[in-house]
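Engineer: This is upload04.cif (mmCIF, C-alpha atoms).
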```
data_work
loop_
_atom_site.label_atom_id
_atom_site.label_comp_id
_atom_site.auth_asym_id
_atom_site.auth_seq_id
_atom_site.Cartn_x
_atom_site.Cartn_y
_atom_site.Cartn_z
CA MET Y 157 -172.95 -138.37 5.86
CA VAL Y 158 -175.06 -138.76 8.98
CA ASP Y 159 -177.06 -135.90 10.47
CA ASP Y 160 -180.63 -135.79 11.73
CA VAL Y 161 -181.13 -132.25 10.37
CA ALA Y 162 -181.64 -132.09 6.60
CA LEU Y 163 -180.41 -128.48 6.42
CA ASN Y 164 -177.10 -129.48 8.04
CA ARG Y 165 -176.66 -132.23 5.44
CA GLU Y 166 -177.35 -129.73 2.65
CA ILE Y 167 -174.75 -127.32 4.03
CA LEU Y 168 -172.15 -130.09 4.21
CA ILE Y 169 -172.96 -131.14 0.64
CA MET Y 170 -172.43 -127.57 -0.53
CA HIS Y 171 -169.13 -127.42 1.38
CA LEU Y 172 -167.95 -130.64 -0.22
CA GLY Y 173 -168.80 -129.44 -3.71
CA ASP Y 174 -166.80 -131.26 -6.35
CA ALA Y 175 -164.27 -132.58 -3.81
CA VAL Y 176 -166.12 -135.90 -3.59
CA ARG Y 177 -167.66 -138.15 -6.21
CA HIS Y 178 -170.59 -139.57 -4.30
CA ILE Y 179 -172.40 -138.83 -1.05
CA ASP Y 180 -174.83 -141.11 0.74
CA GLU Y 181 -177.02 -139.53 3.38
CA ALA Y 182 -178.53 -140.96 6.54
CA ALA Y 183 -180.79 -139.12 8.97
CA ASP Y 184 -179.98 -141.27 12.01
CA GLY Y 185 -177.50 -143.72 13.43
CA TRP Y 186 -179.54 -146.82 12.60
CA ALA Y 187 -179.82 -145.87 8.92
CA ALA Y 188 -176.12 -145.06 8.85
CA LEU Y 189 -175.13 -148.45 10.24
CA THR Y 190 -177.35 -150.23 7.73
CA ARG Y 191 -175.72 -148.36 4.84
CA PHE Y 192 -172.25 -148.77 6.28
CA LYS Y 193 -172.60 -152.55 6.48
CA LEU Y 194 -173.66 -152.75 2.83
CA CYS Y 195 -171.14 -150.40 1.22
CA TYR Y 196 -167.53 -149.36 1.56
CA TYR Y 197 -167.01 -145.67 2.31
CA ASP Y 198 -163.81 -143.70 2.03
CA ALA Y 199 -165.00 -141.56 4.96
CA VAL Y 200 -168.00 -140.93 7.20
CA LEU Y 201 -169.17 -137.51 8.38
CA LEU Y 202 -171.02 -138.21 11.62
CA ASP Y 203 -173.12 -135.84 13.70
CA ILE Y 204 -172.67 -136.65 17.37
CA GLU Y 205 -175.87 -135.20 18.81
CA MET Y 206 -178.80 -137.08 17.27
CA PRO Y 207 -181.97 -138.54 18.76
CA GLY Y 208 -182.22 -142.31 19.02
CA LEU Y 209 -178.83 -143.85 18.28
CA ASP Y 210 -176.49 -140.90 18.82
CA GLY Y 211 -173.10 -140.41 17.21
CA TYR Y 212 -171.21 -142.01 20.10
CA ASP Y 213 -173.22 -145.22 19.92
CA THR Y 214 -173.20 -145.21 16.11
CA LEU Y 215 -169.42 -144.89 16.18
CA LYS Y 216 -169.10 -147.66 18.77
CA GLU Y 217 -171.22 -150.03 16.65
CA LEU Y 218 -169.36 -149.08 13.47
CA ARG Y 219 -165.94 -149.73 15.04
CA THR Y 220 -167.10 -153.02 16.57
CA TRP Y 221 -168.40 -154.19 13.20
CA GLU Y 222 -165.08 -153.30 11.51
CA ARG Y 223 -162.97 -155.02 14.18
CA GLU Y 224 -165.08 -158.20 14.14
CA ARG Y 225 -164.44 -158.48 10.40
CA GLN Y 226 -160.82 -157.38 10.65
CA LEU Y 227 -161.47 -154.48 8.30
CA PRO Y 228 -159.38 -151.32 8.20
CA LEU Y 229 -160.91 -148.49 10.19
CA THR Y 230 -162.88 -146.06 8.06
CA PRO Y 231 -162.00 -142.41 8.70
CA VAL Y 232 -164.83 -140.83 10.69
CA VAL Y 233 -165.04 -137.07 10.96
CA ALA Y 234 -167.27 -136.32 13.93
CA ILE Y 235 -169.28 -133.11 13.77
CA THR Y 236 -170.92 -131.57 16.83
CA SER Y 237 -172.31 -128.31 18.10
CA SER Y 238 -170.26 -128.73 21.28
CA ASP Y 239 -166.94 -126.91 21.26
CA PHE Y 240 -165.55 -127.90 24.67
CA PRO Y 241 -162.08 -129.53 24.81
CA GLU Y 242 -163.40 -132.41 26.94
CA ASP Y 243 -166.00 -133.20 24.25
CA GLU Y 244 -163.32 -133.35 21.59
CA GLN Y 245 -161.29 -135.73 23.76
CA ARG Y 246 -164.35 -137.93 24.39
CA ILE Y 247 -165.22 -138.04 20.68
CA LEU Y 248 -161.69 -138.99 19.65
CA ALA Y 249 -161.49 -141.56 22.45
CA ALA Y 250 -164.72 -143.09 21.15
CA GLY Y 251 -162.98 -143.83 17.86
CA ALA Y 252 -163.47 -140.79 15.66
CA THR Y 253 -160.59 -139.92 13.39
CA ALA Y 254 -161.19 -136.17 13.50
CA TYR Y 255 -163.47 -133.67 15.20
CA LEU Y 256 -165.11 -130.53 13.85
CA ALA Y 257 -167.35 -128.10 15.73
CA LYS Y 258 -170.43 -126.54 14.13
CA PRO Y 259 -170.73 -124.34 12.29
CA VAL Y 260 -168.35 -126.28 10.08
CA LYS Y 261 -166.22 -124.16 7.80
CA GLN Y 262 -165.64 -125.47 4.29
CA GLN Y 263 -161.86 -125.15 4.52
CA GLU Y 264 -161.75 -127.11 7.81
CA LEU Y 265 -163.97 -129.86 6.44
CA LEU Y 266 -161.94 -130.31 3.28
CA ALA Y 267 -158.66 -130.20 5.23
CA ALA Y 268 -159.89 -132.90 7.66
CA LEU Y 269 -160.94 -135.15 4.80
CA GLN Y 270 -157.70 -134.60 2.92
CA LEU Y 271 -155.60 -135.29 6.01
CA HIS Y 272 -157.38 -138.45 7.10
CA CYS Y 273 -158.75 -140.04 3.96
CA ILE Y 274 -157.42 -142.20 1.22
CA THR Y 275 -156.95 -140.04 -1.86
CA GLU Y 276 -157.87 -142.80 -4.30
CA PRO Y 277 -160.86 -145.03 -3.62
CA SER Y 278 -159.88 -148.62 -3.00
CA ALA Y 279 -161.77 -151.85 -3.30
CA HIS Y 280 -163.58 -152.98 -0.19
CA PRO Y 281 -161.68 -155.89 1.43
CA MET Y 282 -164.87 -157.96 1.45
CA GLY Y 283 -165.87 -157.02 -2.08
CA ASN Y 284 -164.94 -160.41 -3.55
CA LEU Y 285 -166.95 -162.50 -1.13
#
```
Can you dump the structure from the file as structure tokens?

Structural biologist:
Amino acid sequence: MVDDVALNREILIMHLGDAVRHIDEAADGWAALTRFKLCYYDAVLLDIEMPGLDGYDTLKELRTWERERQLPLTPVVAITSSDFPEDEQRILAAGATAYLAKPVKQQELLAALQLHCITEPSAHPMGNL
């Protein structure tokens, strides 16, 4: 979960409840990329509007890293305060799997994760290296 606002991360954690086993948090795109390159994640919740490395650039770097290693694309649910149709199109074109506008409703978040994510965690393809 990547969001520069701690309160937003707390709200998402409450929304997720017992639906997930483990949540890693990052407060910016650089921290998210570092974590992503070290661990396999079933999904990433990514705020788009962050200072420094924003969600678009974080997503671009994440997808480039996956492609260079021929890894399957990790589902990325992009979360933003912008609710314009052109923003949704831009976010999805950038490589996000799904898009949610803030304030995120619990039911929408869980539905997006259920629709786009693997139901059973799998081993990371590079885990045996």

Engineer: So which residues get picked by the PyMOL selection byres ((chain Y and resi 175-184) around 8) here, written as a PyMOL selection string?

Structural biologist: chain Y and resi 157-162+165+169+172-174+185-188+206-210+266

Engineer: Provide the atom CA of Y:Arg223 to atom CA of Y:Gly211 distance in Å, to one decimal place.

Structural biologist: 18.0 Å

Engineer: Produce a table with one row for each residue of stretch 181-240 of chain Y that has an atom at most 6 Å from any atom of stretch 245-261 of chain Y, each row naming the nearest atom pair and its distance in Å at one decimal; use only C-alpha atoms; arrange rows by chain and rising residue number; format as CSV.

Structural biologist:
```
residue,atom,partner,partner_atom,distance
Y:Pro231,CA,Y:Thr253,CA,5.5
Y:Val232,CA,Y:Thr253,CA,5.1
Y:Val233,CA,Y:Ala254,CA,4.7
Y:Ala234,CA,Y:Tyr255,CA,4.8
Y:Ile235,CA,Y:Leu256,CA,4.9
Y:Thr236,CA,Y:Ala257,CA,5.1
Y:Ser237,CA,Y:Lys258,CA,4.7
Y:Asp239,CA,Y:Ala257,CA,5.7
```

Engineer: Work out how far apart atom CA of Y:His171 and atom CA of Y:Gln270 are and give it in Å to one decimal.

Structural biologist: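 Separating atom CA of Y:His171 from atom CA of Y:Gln270 is a distance of 13.6 Å.
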
Engineer: When you count only C-alpha atoms, which of these residues is closest to Y:Leu168: Y:Thr190, Y:Leu265, Y:Thr230, Y:Leu271?

Structural biologist: Y:Leu265

Engineer: Using atom CA of Y:Ser238 and atom CA of Y:Lys193 as the two end points, give the distance in Å to one decimal.

Structural biologist: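 For atom CA of Y:Ser238 relative to atom CA of Y:Lys193, the distance reads 28.1 Å.
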
Engineer: Measuring between all atoms listed in the file, which one of Y:Glu264, Y:Glu217, Y:Tyr212, Y:Asp203 shows the shortest distance to Y:Leu189?

Structural biologist: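 Between Y:Glu264, Y:Glu217, Y:Tyr212, Y:Asp203, the residue approaching Y:Leu189 most closely is Y:Glu217.
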
Engineer: Counting all atoms listed in the file, figure out which residue out of Y:Cys195, Y:Leu202, Y:Leu269, Y:Leu227 gets nearest to Y:Leu215.

Structural biologist: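 Going through Y:Cys195, Y:Leu202, Y:Leu269, Y:Leu227 one by one, the smallest distance to Y:Leu215 is for Y:Leu202.
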
Engineer: Around all the atoms of stretch 211-230 of chain Y listed in the file, draw an axis-aligned box and extend it by 3 Å on each of the six sides; I want its centre and edge lengths in Å to one decimal, as lines of an AutoDock Vina configuration file.

Structural biologist:
```
center_x = -166.3
center_y = -149.4
center_z = 14.1
size_x = 19.8
size_y = 24.1
size_z = 18.0
```

Engineer: For a quick check of understanding, using only C-alpha atoms, which of Y:Leu194, Y:Gln262, Y:Val200, Y:Asn164 has the smallest distance to Y:Leu229?

Structural biologist: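 Looking at the shortest contact to Y:Leu229, the residue is Y:Val200.
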